[in-house]
$ cat target.txt   # compact mmCIF, C-alpha atoms
# COMPACT_ATOMS: atom_id res chain seq x y z
CA MET J 3 16.39 -10.25 -12.41
CA TYR J 4 13.03 -8.48 -12.28
CA ASP J 5 10.48 -9.91 -9.83
CA ARG J 6 6.97 -9.20 -11.11
CA THR J 7 5.51 -9.90 -7.67
CA PHE J 8 7.77 -7.46 -5.78
CA LEU J 9 5.10 -4.75 -5.34
CA TYR J 10 2.49 -7.33 -4.26
CA LYS J 11 4.90 -8.65 -1.64
CA LEU J 12 5.72 -5.08 -0.61
CA VAL J 13 2.04 -4.29 0.02
CA GLN J 14 1.70 -7.44 2.16
CA ALA J 15 4.99 -7.13 4.07
CA LYS J 16 5.05 -6.11 7.70
CA MET J 17 7.81 -4.48 9.67
CA PRO J 18 9.43 -7.26 11.74
CA PHE J 19 11.04 -5.08 14.44
CA GLY J 20 11.29 -1.65 15.99
CA GLN J 21 8.69 0.84 17.12
CA TYR J 22 6.52 0.06 14.08
CA LYS J 23 6.74 -3.72 14.43
CA GLY J 24 3.70 -5.34 12.82
CA TRP J 25 2.85 -2.31 10.63
CA LYS J 26 2.58 -2.85 6.92
CA ILE J 27 5.66 -1.41 5.26
CA SER J 28 3.42 0.53 2.87
CA SER J 29 1.88 2.27 5.92
CA LEU J 30 5.11 3.30 7.63
CA PRO J 31 5.45 7.04 8.25
CA ILE J 32 7.87 8.88 6.00
CA HIS J 33 10.02 10.06 8.93
CA TYR J 34 10.77 6.40 9.77
CA LEU J 35 11.75 5.65 6.18
CA GLU J 36 13.88 8.80 6.10
CA TRP J 37 15.70 7.58 9.22
CA PHE J 38 16.55 4.31 7.46
CA HIS J 39 17.69 6.27 4.41
CA ARG J 40 20.09 8.28 6.59
CA GLU J 41 21.28 5.38 8.78
CA GLY J 42 21.25 2.63 6.16
CA PHE J 43 18.64 0.14 5.07
CA PRO J 44 18.95 -3.45 6.31
CA SER J 45 20.29 -6.01 3.88
CA GLY J 46 18.12 -8.41 1.92
CA THR J 47 14.48 -8.26 0.98
CA LEU J 48 13.45 -6.08 3.92
CA GLY J 49 16.01 -3.45 2.95
CA GLN J 50 14.82 -3.51 -0.65
CA GLN J 51 11.23 -3.11 0.46
CA LEU J 52 12.03 -0.22 2.81
CA ALA J 53 14.17 1.53 0.19
CA THR J 54 11.45 1.11 -2.43
CA MET J 55 8.80 2.45 -0.07
CA TYR J 56 11.07 5.39 0.74
CA GLU J 57 11.38 6.22 -2.98
CA ILE J 58 7.64 5.81 -3.55
CA LYS J 59 6.68 8.06 -0.64
CA THR J 60 9.32 10.76 -1.14
CA ASN J 61 8.35 11.07 -4.79
CA GLY J 62 4.62 11.27 -4.06
CA LEU J 63 3.87 7.99 -5.82
CA ASP J 64 1.83 6.28 -3.08
CA HIS J 65 -1.07 6.03 -5.53
CA ILE J 66 0.75 3.42 -7.63
CA LEU J 67 0.08 0.90 -4.86
CA ASP J 68 -3.67 1.62 -4.70
CA PRO J 69 -4.69 -0.84 -7.46
CA ILE J 70 -2.63 -3.59 -5.81
CA LYS J 71 -4.16 -2.86 -2.40
CA LYS J 72 -7.68 -2.91 -3.88
CA GLU J 73 -7.03 -6.17 -5.69
CA MET J 74 -5.62 -7.79 -2.57
CA ASN J 75 -8.57 -6.59 -0.46
CA ARG J 76 -10.98 -7.97 -3.03
CA HIS J 77 -9.26 -11.37 -2.93
CA SER J 78 -9.05 -11.46 0.87
CA ASN J 79 -12.80 -10.86 1.11
CA ASN J 80 -13.43 -14.03 -0.88
CA PHE J 81 -12.21 -16.26 1.96
$ encode --input "target.txt" --output "structure tokens"
Amino acid sequence: MYDRTFLYKLVQAKMPFGQYKGWKISSLPIHYLEWFHREGFPSGTLGQQLATMYEIKTNGLDHILDPIKKEMNRHSNNF
């Protein structure tokens, strides 16, 4: 089933472990995502998010997240 909020959750998600613990998944360096691609992504939502971010970054599509980031920043400034 398609989750319309997946990209919004991806932009908000933070890495829960490792040397980049606390970093937003959308900000992880490509070499880290490439390591996961070689070694295997974790199961579950985190693995889906990391695999999606790997595909976005390796295909030069980072810009597709810009409107979501801008919208989320705009909403966070209202609080």
$ closest_residue --input "target.txt" --among "J:Pro44, J:Thr7, J:Tyr56, J:Gln50" --to "Ser29 in chain J" --atoms "all atoms listed in the file"
J:Tyr56
$ atom_distance --input "target.txt" --atom1 "CA of Leu35 in chain J" --atom2 "CA of Leu52 in chain J"
6.8 Å
$ atom_distance --input "target.txt" --atom1 "CA of Ala53 in chain J" --atom2 "CA of Trp37 in chain J"
11.0 Å
$ residues_around --input "target.txt" --residues "range 65-78 of chain J" --least-positions-apart "4" --cutoff "8 Å" --atoms "only C-alpha atoms" --output "PDB file with C-alpha atoms, in the coordinates of the input"
ATOM      1  CA  LEU J   9       5.100  -4.750  -5.340  1.00  0.00           C
ATOM      2  CA  TYR J  10       2.490  -7.330  -4.260  1.00  0.00           C
ATOM      3  CA  VAL J  13       2.040  -4.290   0.020  1.00  0.00           C
TER       4      VAL J  13
END
$ residues_around --input "target.txt" --residues "Thr54 in chain J" --least-positions-apart "3" --cutoff "10 Å" --atoms "all atoms listed in the file" --output "list of chain:residue names"
J:Phe8, J:Leu9, J:Leu12, J:Ile27, J:Ser28, J:Leu35, J:Leu48, J:Gly49, J:Gln50, J:Gln51, J:Glu57, J:Ile58, J:Lys59, J:Thr60
$ residues_near_point --input "target.txt" --point "(8.5, 3.0, 16.4)" --cutoff "12 Å" --atoms "only C-alpha atoms" --output "list in words"
Met17, Pro18, Phe19, Gly20, Gln21, Tyr22, Lys23, Gly24, Trp25, Leu30, Pro31, Ile32, His33, Tyr34, Leu35 and Trp37 of chain J
$ atom_distance --input "target.txt" --atom1 "CA of Phe43 in chain J" --atom2 "CA of Gly62 in chain J"
20.1 Å
$ axis_aligned_box --input "target.txt" --around "range 71-75 of chain J" --padding-each-side "8 Å" --output "lines of an AutoDock Vina configuration file"
center_x = -6.4
center_y = -5.3
center_z = -3.1
size_x = 20.4
size_y = 20.9
size_z = 21.2
$ build_atoms --input "target.txt" --residues "range 54-73 of chain J" --atoms "N, CA and C atoms" --output "PDB file, keeping the file's coordinate frame"
ATOM      1  N   THR J  54      12.464   0.871  -1.395  1.00  0.00           N
ATOM      2  CA  THR J  54      11.450   1.110  -2.430  1.00  0.00           C
ATOM      3  C   THR J  54      10.331   1.966  -1.883  1.00  0.00           C
ATOM      4  N   MET J  55       9.876   1.670  -0.669  1.00  0.00           N
ATOM      5  CA  MET J  55       8.800   2.450  -0.070  1.00  0.00           C
ATOM      6  C   MET J  55       9.262   3.873   0.188  1.00  0.00           C
ATOM      7  N   TYR J  56      10.514   4.053   0.567  1.00  0.00           N
ATOM      8  CA  TYR J  56      11.070   5.390   0.740  1.00  0.00           C
ATOM      9  C   TYR J  56      10.997   6.168  -0.577  1.00  0.00           C
ATOM     10  N   GLU J  57      11.411   5.562  -1.669  1.00  0.00           N
ATOM     11  CA  GLU J  57      11.380   6.220  -2.980  1.00  0.00           C
ATOM     12  C   GLU J  57       9.943   6.533  -3.407  1.00  0.00           C
ATOM     13  N   ILE J  58       9.046   5.593  -3.181  1.00  0.00           N
ATOM     14  CA  ILE J  58       7.640   5.810  -3.550  1.00  0.00           C
ATOM     15  C   ILE J  58       7.070   6.995  -2.781  1.00  0.00           C
ATOM     16  N   LYS J  59       7.277   7.001  -1.466  1.00  0.00           N
ATOM     17  CA  LYS J  59       6.680   8.060  -0.640  1.00  0.00           C
ATOM     18  C   LYS J  59       7.338   9.421  -0.866  1.00  0.00           C
ATOM     19  N   THR J  60       8.658   9.463  -0.973  1.00  0.00           N
ATOM     20  CA  THR J  60       9.320  10.760  -1.140  1.00  0.00           C
ATOM     21  C   THR J  60       9.058  11.370  -2.510  1.00  0.00           C
ATOM     22  N   ASN J  61       8.659  10.563  -3.452  1.00  0.00           N
ATOM     23  CA  ASN J  61       8.350  11.070  -4.790  1.00  0.00           C
ATOM     24  C   ASN J  61       6.844  11.220  -5.025  1.00  0.00           C
ATOM     25  N   GLY J  62       6.057  11.077  -3.965  1.00  0.00           N
ATOM     26  CA  GLY J  62       4.620  11.270  -4.060  1.00  0.00           C
ATOM     27  C   GLY J  62       3.916  10.255  -4.947  1.00  0.00           C
ATOM     28  N   LEU J  63       4.412   9.027  -4.937  1.00  0.00           N
ATOM     29  CA  LEU J  63       3.870   7.990  -5.820  1.00  0.00           C
ATOM     30  C   LEU J  63       3.058   6.933  -5.081  1.00  0.00           C
ATOM     31  N   ASP J  64       2.601   7.254  -3.874  1.00  0.00           N
ATOM     32  CA  ASP J  64       1.830   6.280  -3.080  1.00  0.00           C
ATOM     33  C   ASP J  64       0.670   5.682  -3.882  1.00  0.00           C
ATOM     34  N   HIS J  65       0.101   6.479  -4.763  1.00  0.00           N
ATOM     35  CA  HIS J  65      -1.070   6.030  -5.530  1.00  0.00           C
ATOM     36  C   HIS J  65      -0.780   4.834  -6.429  1.00  0.00           C
ATOM     37  N   ILE J  66       0.478   4.571  -6.760  1.00  0.00           N
ATOM     38  CA  ILE J  66       0.750   3.420  -7.630  1.00  0.00           C
ATOM     39  C   ILE J  66       0.459   2.099  -6.933  1.00  0.00           C
ATOM     40  N   LEU J  67       0.388   2.117  -5.607  1.00  0.00           N
ATOM     41  CA  LEU J  67       0.080   0.900  -4.860  1.00  0.00           C
ATOM     42  C   LEU J  67      -1.414   0.691  -4.669  1.00  0.00           C
ATOM     43  N   ASP J  68      -2.217   1.722  -4.925  1.00  0.00           N
ATOM     44  CA  ASP J  68      -3.670   1.620  -4.700  1.00  0.00           C
ATOM     45  C   ASP J  68      -4.320   0.469  -5.462  1.00  0.00           C
ATOM     46  N   PRO J  69      -4.053   0.288  -6.765  1.00  0.00           N
ATOM     47  CA  PRO J  69      -4.690  -0.840  -7.460  1.00  0.00           C
ATOM     48  C   PRO J  69      -4.312  -2.200  -6.871  1.00  0.00           C
ATOM     49  N   ILE J  70      -3.072  -2.325  -6.418  1.00  0.00           N
ATOM     50  CA  ILE J  70      -2.630  -3.590  -5.810  1.00  0.00           C
ATOM     51  C   ILE J  70      -3.355  -3.805  -4.487  1.00  0.00           C
ATOM     52  N   LYS J  71      -3.453  -2.753  -3.678  1.00  0.00           N
ATOM     53  CA  LYS J  71      -4.160  -2.860  -2.400  1.00  0.00           C
ATOM     54  C   LYS J  71      -5.620  -3.232  -2.616  1.00  0.00           C
ATOM     55  N   LYS J  72      -6.267  -2.601  -3.593  1.00  0.00           N
ATOM     56  CA  LYS J  72      -7.680  -2.910  -3.880  1.00  0.00           C
ATOM     57  C   LYS J  72      -7.838  -4.339  -4.336  1.00  0.00           C
ATOM     58  N   GLU J  73      -6.949  -4.794  -5.210  1.00  0.00           N
ATOM     59  CA  GLU J  73      -7.030  -6.170  -5.690  1.00  0.00           C
ATOM     60  C   GLU J  73      -6.831  -7.161  -4.550  1.00  0.00           C
TER      61      GLU J  73
END
